[in-house]
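**Student:** One structure, pasted below without further comment.
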2 protein chains.
Amino acid sequence: MNAYVTDFVGRVADAQANRIETYIRAHDFDRPTLVLDTEVVAANFRALKAGLGHADIHYAVKANPAREIVEELVNLGSHFDAASRGEIELCLSLGAAPDTISFGNTVKRGSDIAFAHHAGIELFAADAEQELEKIALHAPGAQVYIRLIVDASEADWPLSRKFGCARDKALDLLALARDLGLRPVGFSFHVGSQTRKAEMWTTTLDQIAAIWAQAQAAGFDLSLLNIGGGFPAFYGEEIEHPTTYAARVMQLVEARFGHVARVMAEPGRGLVANVGMIAAEVLLVSKKSEQDMHRWVYLDIGKFSGLAETMDEAIRYQFTTDRDDEATGPCILAGPSCDSADVLYEKRPVQLPLGLRSGDRFIIRCCGAYTSSYSSVGFNGFPPLDVVVI
Amino acid sequence: MNAYVTDFVGRVADAQANRIETYIRAHDFDRPTLVLDTEVVAANFRALKAGLGHADIHYAVKANPAREIVEELVNLGSHFDAASRGEIELCLSLGAAPDTISFGNTVKRGSDIAFAHHAGIELFAADAEQELEKIALHAPGAQVYIRLIVDASEADWPLSRKFGCARDKALDLLALARDLGLRPVGFSFHVGSQTRKAEMWTTTLDQIAAIWAQAQAAGFDLSLLNIGGGFPAFYGEEIEHPTTYAARVMQLVEARFGHVARVMAEPGRGLVANVGMIAAEVLLVSKKSEQDMHRWVYLDIGKFSGLAETMDEAIRYQFTTDRDDEATGPCILAGPSCDSADVLYEKRPVQLPLGLRSGDRFIIRCCGAYTSSYSSVGFNGFPPLDVVVI
């Protein structure tokens with residue numbers, strides 16, 4: 001048990017992380033399985049909410065759409081950020097009220113906007129003229145917020161320019177929304193995935209606050225600030241306690257924006273990453289050449305069956321085996337598929353027990369976010385990642 | 001219609017490519033759909049087989065496991081390269097004889113080897129000691145071939161070192177196989193994906209032939225050479241006619257190895273890439289800033305719903321729209337998910353019609369390989385790529 005989990009939400013989370021590990025060690029799995037504990041979701045939600053104050057938590061459903069997680073969050077009073085019609089239907093089917101759901105994808109099919117509108121969803125994201133035109137056509141009178149591009153990010157994993165408009169278009173889009181009969185209520189942005197320290201938000205918030213002030217000066221009555229995600233999870237590098245972190249972010253927000261009527265936060269990873277671990281198995285340990293210093297370790301799970309976030313070795317998962325007390329050596333870690341790109345960590349090899357061998361249990365920690373839903377339908381004939389909720 | 005398709009297998013493939021396009025243009029799709037034509041599979045198989053001579057074609061099922069494709073290939077007398085128990089079950093269920101199936105994954109679960117053995121599969125790949133031990137335990141007496149790493153590749157997409165052993169281990173592994181009661185019958189290798197010209201095989205074949213000769217000299221009676229895949233598909237850069245290409249590869253093989261009793265070729269992409277096109281739709285066209293020279297075009301399909309091979313912009317798909325006669329401009333192409341990594345082409349933008357807009361049909365050519373099975377189970381709530389066989 002690493003120091004972080006003990007620190008995180010104290011003994012409760014510690015016991016719960018142990019609960020998942022204990023469950024995995026007590027069971028046999030005939031395929032890779034994600035084991036989830038919804039009690040950890042509740043602990044995370046409360047810890048974040050304690051720091052966020054009056055801001056609404058809109059859970060980013062894409063991080064993990066397991067019905068049990070969404071249901072737990074509905075019961076806790078969470079709001080939701082939906083990426084698609086499918087996610088909206090999921091939330092509604094589990095009892096979420098339509099006015100707690102934001103349709104946060106800036107790229108929507110017209111018919112899906114119409115569906116959301118008829119289902120009672122009132123809040124939509126946009127970053128382009130055509131998107132506003134679609135929303136005006138299919139959800140007349142809806143509230144919209146304009147997503148802005150952030151220029152510099154201090155996140156571990158800064159986002160691309162895919163989402164948002166540059167600041168030179170922000171006011172024009174607000175005006176277009178108004179002209180189209182929509183209600184332009186504010187802005188959204190994203191600081192970047194895994195923004196590990198609250199102070200890293202400062203530069204971004206400064207940029208957004210400047211536009212906010214310009215929009216107010218231009219007569220737009222803004223009432224909504226969507227601060228997006230970026231709430232970090234533990235992948236081996238120290239992070240702050242979620243309550244402390246969230247409270248500091250809100251201080252930074254209030255220092256720049258004053259009191260905003262409606263602040264939305266959209267944690268995904270930060271709410272569910274530590275809710276699950278993957279029970280995997282070692283299929284093969286080998287050396288490519290007698291001269292090689294490192295070994296290759298092949299697991300029964302790889303990039304195409306749940307560990308897609310290892311692309312470019314971005315997310316560094318933590319592992320535990322039944323041999324953690326043995327001496328270790330550097331290993332290249334790879335998945336089971338006949339795909340040469342299905343290598344998890346090679347540029348920065350991982351330290352694994354020297355005695356590790358085929359058939360050994362291999363537990364991958366902090367896998368609750370962006371694993372099961374990324375899994376392929378059956379690449380190489382392997383079934384998708386199985387999910388068990390305890 | 002590009003020159004390649006006309007050249008490829010002449011007017012038949014030309015008419016068939018038109019058949020897929022005609023089908024797509026005549027139908028509406030409410031989600032991205034891969035449209036496959038099994039008649040093109042048959043034309044491809046015959047064209048390759050005409051060049052390969054006595055070599056057996058083992059279709060790499062992972063390229064596209066659609067039942068109709070596998071069934072067509074069973075009827076044509078194809079053999080199969082299976083990556084998993086799931087693929088073996090698929091082939092057997094469609095009438096493939098067990099002795100036409102090779103279990104070609106070098107990373108296998110012990111219980112899956114036992115399953116294959118009991119199902120009558122006699123041929124297994126290995127590249128490591130532990131793998132040979134597993135095969136000896138679960139499929140005693142089986143034939144095995146040792147996969148070798150190729151040092152230099154001239155392929156468009158060279159493989160990583162994930163599969164194969166270095167040549168300094170090749171003879172030791174043959175000897176270990178023999179000592180374990182297995183039948184070491186030969187070697188396999190892979191020249192790399194998209195090896196566009198037959199002459200690009202020369203360096204690799206020289207390397208393998210040297211080891212082959214050493215093994216013969218050491219008293220191993222080798223009878224099998226598995227030349228793997230690498231047979232190219234058309235993604236915008238000229239390729240050779242498949243019959244010419246395959247015949248030249250076999251000439252290069254025979255010049256180095258003489259007559260080998262059993263030569264296996266494992267085309268995947270080369271057999272099925274041009275068998276399908278994806279019917280997609282434009283969801284949004286926008287500019288991030290008034291200063292930007294390029295537009296962003298967002299489709300209803302992306303990296304996580306079938307176009308995984310755009311990673312690092314490796315595979316350059318070809319497109320056609322209903323506005324191909326209009327003037328074009330540079331575009332960044334992206335998928336529909338709320339994932340900043342879901343950008344298809346950005347470093348090398350694509351030229352697309354200036355009039356392109358939301359709702360337009362967007363056809364992606366040459367999508368029969370490595371699309372549907374890579375698709376995620378439901379990332380962002382989007383359903384997996386749909387497949388229709390005409």
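Here's how to read the names in the structure tokens: chain A, B, ... by the order shown, residue numbers from 1 in each chain, ligand numbers from 1 in the order shown.
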Counting only C-alpha atoms, give me one row per residue of chain B with an atom at most 7 Å from an atom of chain A, showing the shortest contact pair and its distance in Å to one decimal, sorted by chain then residue number, as JSON lines.
**Tutor:**
```
{"residue": "B:Lys62", "atom": "CA", "partner": "A:Asn380", "partner_atom": "CA", "distance": 4.8}
{"residue": "B:Ala83", "atom": "CA", "partner": "A:Asn380", "partner_atom": "CA", "distance": 5.6}
{"residue": "B:Ser84", "atom": "CA", "partner": "A:Gly381", "partner_atom": "CA", "distance": 5.8}
{"residue": "B:Gly86", "atom": "CA", "partner": "A:Gly381", "partner_atom": "CA", "distance": 4.7}
{"residue": "B:Glu87", "atom": "CA", "partner": "A:Gly381", "partner_atom": "CA", "distance": 5.1}
{"residue": "B:Asn105", "atom": "CA", "partner": "A:Cys338", "partner_atom": "CA", "distance": 6.0}
{"residue": "B:Val107", "atom": "CA", "partner": "A:Pro336", "partner_atom": "CA", "distance": 6.0}
{"residue": "B:Lys108", "atom": "CA", "partner": "A:Leu283", "partner_atom": "CA", "distance": 6.4}
{"residue": "B:Arg109", "atom": "CA", "partner": "A:Leu283", "partner_atom": "CA", "distance": 5.8}
{"residue": "B:Ala128", "atom": "CA", "partner": "A:Ser286", "partner_atom": "CA", "distance": 5.8}
{"residue": "B:Gln130", "atom": "CA", "partner": "A:Leu284", "partner_atom": "CA", "distance": 6.6}
{"residue": "B:Glu131", "atom": "CA", "partner": "A:Leu284", "partner_atom": "CA", "distance": 6.8}
{"residue": "B:Leu159", "atom": "CA", "partner": "A:Ser340", "partner_atom": "CA", "distance": 5.5}
{"residue": "B:Ser160", "atom": "CA", "partner": "A:Ser340", "partner_atom": "CA", "distance": 5.4}
{"residue": "B:Lys162", "atom": "CA", "partner": "A:Ser340", "partner_atom": "CA", "distance": 5.8}
{"residue": "B:Cys165", "atom": "CA", "partner": "A:Lys288", "partner_atom": "CA", "distance": 4.6}
{"residue": "B:Ala166", "atom": "CA", "partner": "A:Ser289", "partner_atom": "CA", "distance": 5.2}
{"residue": "B:Asp168", "atom": "CA", "partner": "A:Ser289", "partner_atom": "CA", "distance": 6.5}
{"residue": "B:Lys169", "atom": "CA", "partner": "A:Ser289", "partner_atom": "CA", "distance": 6.2}
{"residue": "B:Leu283", "atom": "CA", "partner": "A:Arg109", "partner_atom": "CA", "distance": 5.8}
{"residue": "B:Leu284", "atom": "CA", "partner": "A:Val107", "partner_atom": "CA", "distance": 6.4}
{"residue": "B:Ser286", "atom": "CA", "partner": "A:Ala128", "partner_atom": "CA", "distance": 5.8}
{"residue": "B:Lys288", "atom": "CA", "partner": "A:Cys165", "partner_atom": "CA", "distance": 4.6}
{"residue": "B:Ser289", "atom": "CA", "partner": "A:Ala166", "partner_atom": "CA", "distance": 5.2}
{"residue": "B:Pro336", "atom": "CA", "partner": "A:Val107", "partner_atom": "CA", "distance": 6.0}
{"residue": "B:Cys338", "atom": "CA", "partner": "A:Asn105", "partner_atom": "CA", "distance": 6.0}
{"residue": "B:Ser340", "atom": "CA", "partner": "A:Ser160", "partner_atom": "CA", "distance": 5.4}
{"residue": "B:Ser373", "atom": "CA", "partner": "A:Phe379", "partner_atom": "CA", "distance": 4.8}
{"residue": "B:Tyr374", "atom": "CA", "partner": "A:Phe379", "partner_atom": "CA", "distance": 5.3}
{"residue": "B:Ser375", "atom": "CA", "partner": "A:Ser376", "partner_atom": "CA", "distance": 5.1}
{"residue": "B:Ser376", "atom": "CA", "partner": "A:Ser376", "partner_atom": "CA", "distance": 3.9}
{"residue": "B:Val377", "atom": "CA", "partner": "A:Val377", "partner_atom": "CA", "distance": 4.9}
{"residue": "B:Gly378", "atom": "CA", "partner": "A:Ser373", "partner_atom": "CA", "distance": 5.5}
{"residue": "B:Phe379", "atom": "CA", "partner": "A:Ser373", "partner_atom": "CA", "distance": 4.8}
{"residue": "B:Asn380", "atom": "CA", "partner": "A:Lys62", "partner_atom": "CA", "distance": 4.8}
{"residue": "B:Gly381", "atom": "CA", "partner": "A:Gly86", "partner_atom": "CA", "distance": 4.7}
{"residue": "B:Phe382", "atom": "CA", "partner": "A:Gly86", "partner_atom": "CA", "distance": 6.4}
```
**Student:** Mind checking DSSP for segment 182-293 of chain B and telling me the helix (DSSP H, G or I) residues as a PyMOL selection string?
**Tutor:** chain B and resi 198-217+242-257+269-275
**Student:** Can you list, as a PDB file with N, CA and C atoms, in the first residue's frame, every protein, DNA or RNA residue that comes within 6 Å of segment 266-280 of chain B when you count only C-alpha atoms, leaving out same-chain residues fewer than 6 positions away?
**Tutor:**
```pdb
ATOM      1  N   PRO B  32     -21.653   5.293 -38.276  1.00  0.00           N
ATOM      2  CA  PRO B  32     -20.590   4.898 -39.202  1.00  0.00           C
ATOM      3  C   PRO B  32     -20.684   3.403 -39.508  1.00  0.00           C
ATOM      4  N   THR B  33     -20.564   3.059 -40.766  1.00  0.00           N
ATOM      5  CA  THR B  33     -20.781   1.675 -41.189  1.00  0.00           C
ATOM      6  C   THR B  33     -19.709   1.234 -42.179  1.00  0.00           C
ATOM      7  N   LEU B  34     -19.117   0.081 -41.897  1.00  0.00           N
ATOM      8  CA  LEU B  34     -18.158  -0.527 -42.813  1.00  0.00           C
ATOM      9  C   LEU B  34     -18.925  -1.419 -43.779  1.00  0.00           C
ATOM     10  N   VAL B  35     -18.813  -1.126 -45.068  1.00  0.00           N
ATOM     11  CA  VAL B  35     -19.506  -1.914 -46.080  1.00  0.00           C
ATOM     12  C   VAL B  35     -18.474  -2.809 -46.778  1.00  0.00           C
ATOM     13  N   LEU B  36     -18.706  -4.127 -46.712  1.00  0.00           N
ATOM     14  CA  LEU B  36     -17.751  -5.109 -47.242  1.00  0.00           C
ATOM     15  C   LEU B  36     -18.336  -5.839 -48.448  1.00  0.00           C
ATOM     16  N   ASP B  37     -17.465  -6.186 -49.385  1.00  0.00           N
ATOM     17  CA  ASP B  37     -17.875  -6.958 -50.556  1.00  0.00           C
ATOM     18  C   ASP B  37     -16.979  -8.197 -50.656  1.00  0.00           C
ATOM     19  N   VAL B  40     -14.638  -9.150 -53.620  1.00  0.00           N
ATOM     20  CA  VAL B  40     -13.293  -8.571 -53.730  1.00  0.00           C
ATOM     21  C   VAL B  40     -12.281  -9.454 -52.996  1.00  0.00           C
ATOM     22  N   ASN B  44      -8.920 -10.899 -54.708  1.00  0.00           N
ATOM     23  CA  ASN B  44      -7.611 -10.705 -54.074  1.00  0.00           C
ATOM     24  C   ASN B  44      -6.906 -12.037 -53.818  1.00  0.00           C
ATOM     25  N   ILE B  57      -1.540 -19.750 -48.494  1.00  0.00           N
ATOM     26  CA  ILE B  57      -1.999 -18.493 -47.906  1.00  0.00           C
ATOM     27  C   ILE B  57      -2.671 -18.806 -46.581  1.00  0.00           C
ATOM     28  N   HIS B  58      -2.113 -18.265 -45.491  1.00  0.00           N
ATOM     29  CA  HIS B  58      -2.758 -18.336 -44.177  1.00  0.00           C
ATOM     30  C   HIS B  58      -3.299 -16.935 -43.889  1.00  0.00           C
ATOM     31  N   TYR B  59      -4.583 -16.749 -44.087  1.00  0.00           N
ATOM     32  CA  TYR B  59      -5.176 -15.425 -43.863  1.00  0.00           C
ATOM     33  C   TYR B  59      -5.007 -15.011 -42.395  1.00  0.00           C
ATOM     34  N   ALA B  60      -4.459 -13.829 -42.159  1.00  0.00           N
ATOM     35  CA  ALA B  60      -4.306 -13.299 -40.797  1.00  0.00           C
ATOM     36  C   ALA B  60      -5.661 -12.782 -40.343  1.00  0.00           C
ATOM     37  N   ALA B  63      -6.962  -9.220 -39.183  1.00  0.00           N
ATOM     38  CA  ALA B  63      -7.169  -8.071 -40.068  1.00  0.00           C
ATOM     39  C   ALA B  63      -8.647  -7.761 -40.239  1.00  0.00           C
ATOM     40  N   GLY B 228       5.305 -14.722 -43.317  1.00  0.00           N
ATOM     41  CA  GLY B 228       4.510 -13.690 -42.652  1.00  0.00           C
ATOM     42  C   GLY B 228       3.708 -12.819 -43.598  1.00  0.00           C
ATOM     43  N   GLY B 229       3.451 -11.599 -43.139  1.00  0.00           N
ATOM     44  CA  GLY B 229       2.642 -10.664 -43.924  1.00  0.00           C
ATOM     45  C   GLY B 229       3.491  -9.565 -44.540  1.00  0.00           C
ATOM     46  N   PHE B 231       2.196  -7.769 -47.140  1.00  0.00           N
ATOM     47  CA  PHE B 231       1.591  -7.541 -48.451  1.00  0.00           C
ATOM     48  C   PHE B 231       0.773  -6.252 -48.399  1.00  0.00           C
ATOM     49  N   PRO B 232       1.073  -5.326 -49.293  1.00  0.00           N
ATOM     50  CA  PRO B 232       0.565  -3.959 -49.104  1.00  0.00           C
ATOM     51  C   PRO B 232      -0.848  -3.725 -49.634  1.00  0.00           C
ATOM     52  N   ALA B 233      -1.431  -2.667 -49.159  1.00  0.00           N
ATOM     53  CA  ALA B 233      -2.706  -2.164 -49.685  1.00  0.00           C
ATOM     54  C   ALA B 233      -2.481  -0.735 -50.164  1.00  0.00           C
ATOM     55  N   PHE B 362     -19.360  11.157 -46.171  1.00  0.00           N
ATOM     56  CA  PHE B 362     -17.896  11.129 -46.227  1.00  0.00           C
ATOM     57  C   PHE B 362     -17.485   9.662 -46.334  1.00  0.00           C
ATOM     58  N   ILE B 363     -16.960   9.263 -47.480  1.00  0.00           N
ATOM     59  CA  ILE B 363     -16.610   7.851 -47.689  1.00  0.00           C
ATOM     60  C   ILE B 363     -15.108   7.654 -47.493  1.00  0.00           C
ATOM     61  N   ILE B 364     -14.746   6.693 -46.661  1.00  0.00           N
ATOM     62  CA  ILE B 364     -13.338   6.394 -46.398  1.00  0.00           C
ATOM     63  C   ILE B 364     -13.026   5.086 -47.119  1.00  0.00           C
ATOM     64  N   ARG B 365     -12.105   5.147 -48.072  1.00  0.00           N
ATOM     65  CA  ARG B 365     -11.783   3.983 -48.900  1.00  0.00           C
ATOM     66  C   ARG B 365     -10.819   3.038 -48.195  1.00  0.00           C
ATOM     67  N   CYS B 366     -10.753   1.845 -48.718  1.00  0.00           N
ATOM     68  CA  CYS B 366      -9.720   0.876 -48.341  1.00  0.00           C
ATOM     69  C   CYS B 366      -9.679   0.684 -46.819  1.00  0.00           C
ATOM     70  N   CYS B 367     -10.844   0.391 -46.265  1.00  0.00           N
ATOM     71  CA  CYS B 367     -11.005   0.269 -44.809  1.00  0.00           C
ATOM     72  C   CYS B 367     -11.327  -1.147 -44.378  1.00  0.00           C
ATOM     73  N   GLY B 368     -11.061  -2.134 -45.233  1.00  0.00           N
ATOM     74  CA  GLY B 368     -11.443  -3.505 -44.892  1.00  0.00           C
ATOM     75  C   GLY B 368     -10.563  -4.138 -43.834  1.00  0.00           C
ATOM     76  N   ALA B 369      -9.371  -3.590 -43.623  1.00  0.00           N
ATOM     77  CA  ALA B 369      -8.438  -4.202 -42.675  1.00  0.00           C
ATOM     78  C   ALA B 369      -8.257  -3.332 -41.437  1.00  0.00           C
TER      79      ALA B 369
END
```
**Student:** Once DSSP has gone over the backbone, tell me which residues of segment 221-269 of chain A are in strand (DSSP E), as a PyMOL selection string.
**Tutor:** chain A and resi 224-226+262-265
**Student:** Considering only C-alpha atoms, return as a ChimeraX atom specification whatever protein or nucleic-acid residues lie within 12 Å of Asp179 of chain B, sequence-local ones (same chain, fewer than 6 positions apart) excluded.
**Tutor:** /B:129,132-133,136,140-141,172-173
**Student:** Create the file for the chosen residues now, containing N, CA and C atoms and written as a compact mmCIF listing (two decimals), in the first residue's frame.
**Tutor:**
```txt
# COMPACT_ATOMS: atom_id res chain seq x y z
N GLU B 129 11.79 -19.45 -24.46
CA GLU B 129 11.86 -20.71 -23.73
C GLU B 129 10.54 -21.06 -23.05
N LEU B 132 7.89 -22.31 -25.38
CA LEU B 132 8.09 -23.70 -25.79
C LEU B 132 7.69 -24.66 -24.67
N GLU B 133 8.01 -24.28 -23.43
CA GLU B 133 7.63 -25.13 -22.29
C GLU B 133 6.12 -25.26 -22.19
N ALA B 136 4.96 -27.53 -25.01
CA ALA B 136 5.30 -28.94 -24.74
C ALA B 136 4.36 -29.53 -23.70
N PRO B 140 1.70 -31.63 -26.44
CA PRO B 140 2.92 -32.45 -26.59
C PRO B 140 3.09 -32.96 -28.02
N GLY B 141 4.32 -32.88 -28.51
CA GLY B 141 4.61 -33.40 -29.84
C GLY B 141 4.25 -32.47 -30.98
N ASP B 172 19.40 -22.31 -30.26
CA ASP B 172 19.12 -22.82 -28.92
C ASP B 172 17.64 -23.14 -28.74
N LEU B 173 16.79 -22.30 -29.31
CA LEU B 173 15.35 -22.54 -29.17
C LEU B 173 14.92 -23.77 -29.97
```
**Student:** In Å, with one decimal, what is the gap from atom CA of Val249 of chain B to atom CA of Arg46 of chain B?
**Tutor:** 16.2 Å
